[in-house]
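Shown next, in structure tokens, is the structure this report addresses.
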Amino acid sequence: MSTEPRKVLILGAGVFGLGTALSLLTESKEQFAITVLDKAEVLPAPDAASTDISKIVRFDYEDRDYAKLGHEAISEWKQHWRGHYHECGVLVLGSTPYALSSLDNALALAPDSVVRLSNPSEIYPHLPPNVPRPSLAPNTQGYLNRAGGWAAARPAMIELLERIRAAGGHVLAGKEATELVWEGGEVRGARTKDGETWKADLVIIATGAWTPGLLKGGKIGAESRMIATGQSVALLSLNEEEVKAYGENAKVVLNFDTGHYAFPPNNGIAKFSRHHAGYLSADLIPYTGERVPGAAISSAPLPKEMYDELRGGIRSVYPGLAGPERQWGTRLCWYTDAENGDWIIDFHPSSPRTLLFATGGSGHAFKFLPNLGRQVRLRLEGALPEHLEEKWAFNKASLKDGAVPVVDASRVDGGRRLLDLNGLGMAKAKL
């Protein structure tokens with residue numbers, strides 16, 4: 001006797017939403033009818049955190065759970081997503097407790113892949129040899145983890161989208177959810193901006209940084225458990241000679257002391273950013289500026305003070321790129337920060353059978369693209385280890401009512417700043 005597949009409505013087509021859809025369609029014994037809705041007119045959404053030219057793929061974590069999941073994810077990147085993953089190695093700098101614990105976990109998981117670096121003279125050989133090298137402080141230390149690198153984010157998201165459709169899932173663009181539909185005291189669907197109602201047996205919230213604004217107050221109160229923070233990204237256009245020079249022996253460089261990080265060139269673009277507490281939007285809605293969908297160089301303005309901070313970060317890694325006039329662009333990448341940087345993968349207490357949250361990426365979800373959705377499926381099936389249920393709970397015990405989620409220990413500059421829309425500026429011709 002056949003049974004009807006369980007109707008699942010996923011709001012949000014980022015890495016959480018699409019990863020969950022693929023796992024439910026391809027890894028579960030249960031049959032699902034999956035529909036994914038996203039507000040963006042073009043998918044992958046140009047303003048999503050998961051749509052980018054590159055993302056770090058690492059298992060260098062202070063937290064053992066994320067380190068183990070990251071190590072597992074890298075194995076799956078190599079097996080199933082090889083065209084998008086580039087294992088160039090991750091050069092980790094810093095002597096913070098987070099950096100030292102990350103080293104311990106990396107050594108425990110992949111001792112043959114890790115090289116300790118105790119001073120600048122040991123660090124410099126792991127940078128491109130034919131470009132100006134940075135002036136590192138004499139006490140700078142770190143390590144090289146050869147088992148890590150970066151992924152071409154947007155192409156990976158395109159393939160993820162294609163795999164879901166090939167498996168029978170429906171992913172629809174231009175469908176902005178505005179409210180949940182309640183029946184009999186439970187969530188039973190969602191209503192979109194065009195007035196259409198979408199019924200389902202289960203609704204999964206994977207709307208990323210737009211979640212606090214979408215589901216604030218009322219029975220849900222998402223803004224009390226997560227917060228959107230804007231992160232500033234610089235994209236530098238390199239000529240052919242620079243691509244060759246800065247691509248030779250290039251690693252992902254991640255400095256846990258300063259928060260600055262840099263990528264090898266990808267399609268003529270070098271990406272730089274700073275992993276810090278970020279900017280808050282006064283109305284809880286991420287401000288992304290005017291961007292061209294799919295463009296490598298964005299025109300979105302940043303807070304003016306961030307240009308100096310980014311310039312300093314570029315000089316700290318590749319000083320030869322900090323001075324000359326060149327084409328460059330910026331974007332605000334919006335994280336969904338949850339308490340201590342722990343994801344939220346849990347049923348909501350107001351609708352504990354039909355409303356599941358899969359969000360709170362906190363700036364470190366994309367690297368888990370191969371196995372992130374599996375964690376959501378395991379929570380849905382009641383098969384997630386108990387300690388992970390507690391870690392990823394919606395009502396996390398350490399987060400008190402009315403408190404703002406604190407950043408995880410990998411982020412520098414723990415105080416968030418309010419985004420002043422009158423204080424934004426465009427990049428000058430000279431960085």
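Order determines the names: the first chain of the structure tokens is A, the second B, and so forth; residues in each chain are numbered 1 upward, and ligands are numbered 1 upward as they are shown.
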**Message:** Applying 7 Å and only C-alpha atoms, which residues near Gly361 of chain A remain after dropping the ones on its own chain fewer than 4 positions away? List them as a count of residues only.
**Reply:** 5
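Excluding segment 155-165 of chain A itself and any same-chain residue fewer than 2 positions from it, the protein and nucleic acid residues within 9 Å of it, counting only C-alpha atoms, are Ala13, Gly14, Val15, Leu18, Gly19, Ala21, Leu22, Leu25, Thr26, Leu43, Pro44, Ser50, Thr51, Asp52, Ile53, Trp81, Gly83, His84, Tyr85, Ala151, Ala152, Ala153, Ala167, Gly168, Gly169, His170, Val171 and Leu369 of chain A.
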Saved selection, atoms kept: N, CA and C atoms, as a PDB file, in the first residue's frame:
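Just written: again-v5.pdb:
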```pdb
ATOM      1  N   ALA A  13      16.571  29.515  -0.077  1.00  0.00           N
ATOM      2  CA  ALA A  13      17.351  28.650  -0.965  1.00  0.00           C
ATOM      3  C   ALA A  13      18.843  28.926  -0.839  1.00  0.00           C
ATOM      4  N   GLY A  14      19.294  29.129   0.412  1.00  0.00           N
ATOM      5  CA  GLY A  14      20.720  29.218   0.675  1.00  0.00           C
ATOM      6  C   GLY A  14      21.280  27.839   0.979  1.00  0.00           C
ATOM      7  N   VAL A  15      22.456  27.795   1.591  1.00  0.00           N
ATOM      8  CA  VAL A  15      23.107  26.503   1.808  1.00  0.00           C
ATOM      9  C   VAL A  15      22.338  25.654   2.817  1.00  0.00           C
ATOM     10  N   LEU A  18      18.861  24.542   0.723  1.00  0.00           N
ATOM     11  CA  LEU A  18      19.104  23.598  -0.364  1.00  0.00           C
ATOM     12  C   LEU A  18      19.806  22.340   0.127  1.00  0.00           C
ATOM     13  N   GLY A  19      20.715  22.499   1.085  1.00  0.00           N
ATOM     14  CA  GLY A  19      21.382  21.322   1.636  1.00  0.00           C
ATOM     15  C   GLY A  19      20.397  20.387   2.308  1.00  0.00           C
ATOM     16  N   ALA A  21      17.140  20.197   1.609  1.00  0.00           N
ATOM     17  CA  ALA A  21      16.310  19.618   0.560  1.00  0.00           C
ATOM     18  C   ALA A  21      16.986  18.411  -0.079  1.00  0.00           C
ATOM     19  N   LEU A  22      18.271  18.538  -0.396  1.00  0.00           N
ATOM     20  CA  LEU A  22      18.973  17.433  -1.051  1.00  0.00           C
ATOM     21  C   LEU A  22      19.078  16.222  -0.138  1.00  0.00           C
ATOM     22  N   LEU A  25      15.754  14.423   0.075  1.00  0.00           N
ATOM     23  CA  LEU A  25      15.393  13.758  -1.177  1.00  0.00           C
ATOM     24  C   LEU A  25      16.260  12.540  -1.487  1.00  0.00           C
ATOM     25  N   THR A  26      17.500  12.548  -1.038  1.00  0.00           N
ATOM     26  CA  THR A  26      18.439  11.512  -1.480  1.00  0.00           C
ATOM     27  C   THR A  26      18.960  10.611  -0.365  1.00  0.00           C
ATOM     28  N   LEU A  43      18.251  32.792  -8.876  1.00  0.00           N
ATOM     29  CA  LEU A  43      18.894  31.839  -7.977  1.00  0.00           C
ATOM     30  C   LEU A  43      20.147  31.266  -8.624  1.00  0.00           C
ATOM     31  N   PRO A  44      21.210  31.081  -7.825  1.00  0.00           N
ATOM     32  CA  PRO A  44      21.346  31.426  -6.418  1.00  0.00           C
ATOM     33  C   PRO A  44      21.165  32.928  -6.168  1.00  0.00           C
ATOM     34  N   SER A  50      25.766  32.641   0.917  1.00  0.00           N
ATOM     35  CA  SER A  50      26.319  31.467   0.246  1.00  0.00           C
ATOM     36  C   SER A  50      26.620  31.714  -1.232  1.00  0.00           C
ATOM     37  N   THR A  51      26.263  32.882  -1.752  1.00  0.00           N
ATOM     38  CA  THR A  51      26.567  33.210  -3.147  1.00  0.00           C
ATOM     39  C   THR A  51      27.769  34.138  -3.159  1.00  0.00           C
ATOM     40  N   ASP A  52      28.897  33.629  -3.544  1.00  0.00           N
ATOM     41  CA  ASP A  52      30.140  34.390  -3.472  1.00  0.00           C
ATOM     42  C   ASP A  52      31.123  33.757  -4.453  1.00  0.00           C
ATOM     43  N   ILE A  53      32.254  34.439  -4.667  1.00  0.00           N
ATOM     44  CA  ILE A  53      33.230  33.841  -5.564  1.00  0.00           C
ATOM     45  C   ILE A  53      34.028  32.745  -4.871  1.00  0.00           C
ATOM     46  N   TRP A  81      32.176  16.777  -4.833  1.00  0.00           N
ATOM     47  CA  TRP A  81      32.091  18.165  -5.297  1.00  0.00           C
ATOM     48  C   TRP A  81      33.456  18.642  -5.789  1.00  0.00           C
ATOM     49  N   GLY A  83      34.817  19.468  -8.545  1.00  0.00           N
ATOM     50  CA  GLY A  83      34.994  20.581  -9.464  1.00  0.00           C
ATOM     51  C   GLY A  83      34.944  21.934  -8.810  1.00  0.00           C
ATOM     52  N   HIS A  84      34.504  21.989  -7.550  1.00  0.00           N
ATOM     53  CA  HIS A  84      34.334  23.275  -6.875  1.00  0.00           C
ATOM     54  C   HIS A  84      35.325  23.490  -5.728  1.00  0.00           C
ATOM     55  N   TYR A  85      35.892  22.393  -5.226  1.00  0.00           N
ATOM     56  CA  TYR A  85      36.784  22.485  -4.070  1.00  0.00           C
ATOM     57  C   TYR A  85      38.235  22.521  -4.526  1.00  0.00           C
ATOM     58  N   ALA A 151      36.331  26.885  -1.707  1.00  0.00           N
ATOM     59  CA  ALA A 151      35.381  26.393  -2.700  1.00  0.00           C
ATOM     60  C   ALA A 151      34.824  27.560  -3.492  1.00  0.00           C
ATOM     61  N   ALA A 152      34.594  27.327  -4.769  1.00  0.00           N
ATOM     62  CA  ALA A 152      33.920  28.313  -5.623  1.00  0.00           C
ATOM     63  C   ALA A 152      32.437  28.252  -5.264  1.00  0.00           C
ATOM     64  N   ALA A 153      31.987  29.242  -4.506  1.00  0.00           N
ATOM     65  CA  ALA A 153      30.694  29.131  -3.838  1.00  0.00           C
ATOM     66  C   ALA A 153      29.515  29.155  -4.802  1.00  0.00           C
ATOM     67  N   ALA A 167      16.414  15.444  -8.504  1.00  0.00           N
ATOM     68  CA  ALA A 167      15.883  14.447  -7.562  1.00  0.00           C
ATOM     69  C   ALA A 167      14.383  14.624  -7.335  1.00  0.00           C
ATOM     70  N   GLY A 168      13.770  15.588  -8.023  1.00  0.00           N
ATOM     71  CA  GLY A 168      12.331  15.763  -7.924  1.00  0.00           C
ATOM     72  C   GLY A 168      11.877  16.911  -7.058  1.00  0.00           C
ATOM     73  N   GLY A 169      12.814  17.697  -6.519  1.00  0.00           N
ATOM     74  CA  GLY A 169      12.441  18.843  -5.705  1.00  0.00           C
ATOM     75  C   GLY A 169      12.057  20.037  -6.560  1.00  0.00           C
ATOM     76  N   HIS A 170      11.242  20.911  -6.004  1.00  0.00           N
ATOM     77  CA  HIS A 170      10.810  22.119  -6.698  1.00  0.00           C
ATOM     78  C   HIS A 170      11.409  23.327  -5.981  1.00  0.00           C
ATOM     79  N   VAL A 171      12.145  24.143  -6.718  1.00  0.00           N
ATOM     80  CA  VAL A 171      12.766  25.341  -6.155  1.00  0.00           C
ATOM     81  C   VAL A 171      12.274  26.531  -6.962  1.00  0.00           C
ATOM     82  N   LEU A 369      28.667  22.473   3.176  1.00  0.00           N
ATOM     83  CA  LEU A 369      27.669  22.191   2.144  1.00  0.00           C
ATOM     84  C   LEU A 369      27.439  20.688   1.947  1.00  0.00           C
TER      85      LEU A 369
END
```
**Request:** Write out as a PyMOL selection string each polymer residue whose atoms come within 6 Å of segment 30-36 of chain A, counting only C-alpha atoms; drop sequence neighbours fewer than 5 positions from it.
**Result:** chain A and resi 5-11+169-171
Once you have the residues from the selection above, write them out as a PDB file, in the first residue's frame, restricted to C-alpha atoms.
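Everything below was put into out36.pdb:
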```pdb
ATOM      1  CA  PRO A   5       4.926  11.651   0.499  1.00  0.00           C
ATOM      2  CA  ARG A   6       5.272  14.126   3.342  1.00  0.00           C
ATOM      3  CA  LYS A   7       4.906  17.680   2.072  1.00  0.00           C
ATOM      4  CA  VAL A   8       7.806  19.872   3.158  1.00  0.00           C
ATOM      5  CA  LEU A   9       7.983  23.601   2.520  1.00  0.00           C
ATOM      6  CA  ILE A  10      11.458  25.105   2.882  1.00  0.00           C
ATOM      7  CA  LEU A  11      11.717  28.884   3.070  1.00  0.00           C
ATOM      8  CA  GLY A 169      12.441  18.843  -5.705  1.00  0.00           C
ATOM      9  CA  HIS A 170      10.810  22.119  -6.698  1.00  0.00           C
ATOM     10  CA  VAL A 171      12.766  25.341  -6.155  1.00  0.00           C
TER      11      VAL A 171
END
```
**Item:** Residue nearest Tyr261 of chain A among A:Thr178, A:Gln375, A:Ser237, A:Ser316 (counting only C-alpha atoms)
**Value:** A:Ser316
**Request:** Within 10 Å of Ser232 of chain A, counting only C-alpha atoms, which residues show up once you throw out same-chain ones fewer than 5 positions away? Write them as a PyMOL selection string, please.
**Result:** chain A and resi 272-276+278-279+300-303+306-307+309-310+330-334
**Request:** From segment 54-178 of chain A, collect each residue whose DSSP state is strand (DSSP E or B) and return the set as a PyMOL selection string.
**Result:** chain A and resi 55-57+85-86+90-93+114-117+142-145+149-151+170-172+177-178
**Request:** Once DSSP has gone over the backbone, tell me which residues of segment 280-409 of chain A are in alpha helix (DSSP H), as a count of residues only.
**Result:** 30
**Request:** Between atom CA of Asn340 of chain A and atom CA of His260 of chain A, measure the distance and give it in Å to one decimal.
**Result:** 19.8 Å
Could you give me, as a Markdown table, a per-residue list for segment 146-208 of chain A showing, wherever an atom lies at most 12 Å from an atom of segment 94-110 of chain A, the closest pair of atoms and their distance in Å to one decimal, using only C-alpha atoms and sorting by chain then residue number from low to high?
```
| residue | atom | partner | partner_atom | distance |
| --- | --- | --- | --- | --- |
| A:Arg146 | CA | A:Ala110 | CA | 9.4 |
| A:Ala147 | CA | A:Ala110 | CA | 7.8 |
| A:Gly148 | CA | A:Ala106 | CA | 10.6 |
```
Please build the interface table for segment 304-375 of chain A against segment 186-192 of chain A with a cut-off of 7 Å, listing for each qualifying residue the nearest atom pair and the distance in Å to one decimal; count only C-alpha atoms, order rows by chain and increasing number, and write it as CSV.
```
residue,atom,partner,partner_atom,distance
A:Ser351,CA,A:Glu186,CA,5.1
A:Thr354,CA,A:Val187,CA,5.9
A:Leu355,CA,A:Val187,CA,6.2
```
Residues from the last selection, all heavy atoms, saved as a PDB file, in the first residue's frame:
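Writing done, so here's result04.pdb:
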```pdb
ATOM      1  N   SER A 351       5.377  25.344  17.848  1.00  0.00           N
ATOM      2  CA  SER A 351       4.831  24.386  16.886  1.00  0.00           C
ATOM      3  C   SER A 351       5.825  23.233  16.753  1.00  0.00           C
ATOM      4  O   SER A 351       6.497  23.076  15.731  1.00  0.00           O
ATOM      5  CB  SER A 351       4.594  25.065  15.523  1.00  0.00           C
ATOM      6  OG  SER A 351       3.928  24.207  14.632  1.00  0.00           O
ATOM      7  N   THR A 354       5.710  20.784  13.518  1.00  0.00           N
ATOM      8  CA  THR A 354       5.563  21.226  12.125  1.00  0.00           C
ATOM      9  C   THR A 354       6.419  22.423  11.738  1.00  0.00           C
ATOM     10  O   THR A 354       6.364  22.842  10.589  1.00  0.00           O
ATOM     11  CB  THR A 354       4.091  21.576  11.846  1.00  0.00           C
ATOM     12  OG1 THR A 354       3.707  22.708  12.651  1.00  0.00           O
ATOM     13  CG2 THR A 354       3.178  20.401  12.149  1.00  0.00           C
ATOM     14  N   LEU A 355       7.206  22.971  12.660  1.00  0.00           N
ATOM     15  CA  LEU A 355       8.037  24.140  12.345  1.00  0.00           C
ATOM     16  C   LEU A 355       9.458  23.888  12.808  1.00  0.00           C
ATOM     17  O   LEU A 355       9.738  23.805  14.011  1.00  0.00           O
ATOM     18  CB  LEU A 355       7.485  25.402  13.008  1.00  0.00           C
ATOM     19  CG  LEU A 355       8.264  26.705  12.723  1.00  0.00           C
ATOM     20  CD1 LEU A 355       8.259  27.024  11.231  1.00  0.00           C
ATOM     21  CD2 LEU A 355       7.703  27.861  13.528  1.00  0.00           C
TER      22      LEU A 355
END
```
**Message:** Quick one: residues within 9 Å of Leu215 of chain A, only C-alpha atoms, excluding same-chain residues fewer than 6 positions away - as a PyMOL selection string?
**Reply:** chain A and resi 178-180+221-223
Output N, CA and C atoms of each residue in that selection to a file, as a tab-separated table (two decimals), in the first residue's frame.
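The resulting file, result_38.tsv, is shown below:
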```
chain	number	residue	atom	x	y	z
A	178	THR	N	6.01	36.08	3.64
A	178	THR	CA	5.70	37.24	4.49
A	178	THR	C	5.15	36.84	5.85
A	179	GLU	N	4.56	35.64	5.94
A	179	GLU	CA	4.02	35.19	7.22
A	179	GLU	C	3.80	33.69	7.19
A	180	LEU	N	3.71	33.12	8.37
A	180	LEU	CA	3.39	31.70	8.50
A	180	LEU	C	1.88	31.52	8.55
A	221	GLY	N	9.31	35.04	17.68
A	221	GLY	CA	10.37	35.80	18.34
A	221	GLY	C	11.76	35.45	17.88
A	222	ALA	N	11.93	35.31	16.57
A	222	ALA	CA	13.24	34.89	16.05
A	222	ALA	C	14.34	35.88	16.40
A	223	GLU	N	14.00	37.16	16.51
A	223	GLU	CA	15.02	38.17	16.77
A	223	GLU	C	15.64	38.03	18.16
```
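For the atom pair formed by atom CA of Cys88 of chain A and atom CA of Asp47 of chain A, the distance is 26.9 Å, given to one decimal.
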**Message:** What's around Lys193 of chain A at 9 Å? Count only C-alpha atoms, leave out sequence neighbours fewer than 3 positions away in its own chain, and write the answer as a PyMOL selection string.
**Reply:** chain A and resi 39+175-179+196
Would you save the residues of that selection, restricted to N, CA and C atoms, as a short mmCIF file (atom, residue, chain, number, x, y, z; two decimals), in the first residue's frame?
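Produced file again28.cif, reproduced below:
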```cif
data_model
loop_
_atom_site.label_atom_id
_atom_site.label_comp_id
_atom_site.auth_asym_id
_atom_site.auth_seq_id
_atom_site.Cartn_x
_atom_site.Cartn_y
_atom_site.Cartn_z
N LYS A 39 12.93 34.51 -1.91
CA LYS A 39 12.50 35.84 -2.32
C LYS A 39 13.22 36.36 -3.55
N LYS A 175 9.57 34.20 -4.77
CA LYS A 175 8.48 33.88 -3.85
C LYS A 175 8.89 34.27 -2.44
N GLU A 176 8.60 35.50 -2.08
CA GLU A 176 9.01 36.04 -0.78
C GLU A 176 7.96 35.73 0.28
N ALA A 177 8.34 34.94 1.26
CA ALA A 177 7.44 34.62 2.37
C ALA A 177 7.24 35.85 3.24
N THR A 178 6.01 36.08 3.64
CA THR A 178 5.70 37.24 4.49
C THR A 178 5.15 36.84 5.85
N GLU A 179 4.56 35.64 5.94
CA GLU A 179 4.02 35.19 7.22
C GLU A 179 3.80 33.69 7.19
N GLU A 196 -0.21 34.28 -2.38
CA GLU A 196 -0.42 32.85 -2.51
C GLU A 196 -0.15 32.13 -1.18
#
```
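In this comparison, which uses only C-alpha atoms, the residue of A:Ala228, A:Val203, A:Val114, A:Leu172 approaching Ala45 of chain A most closely is A:Leu172.
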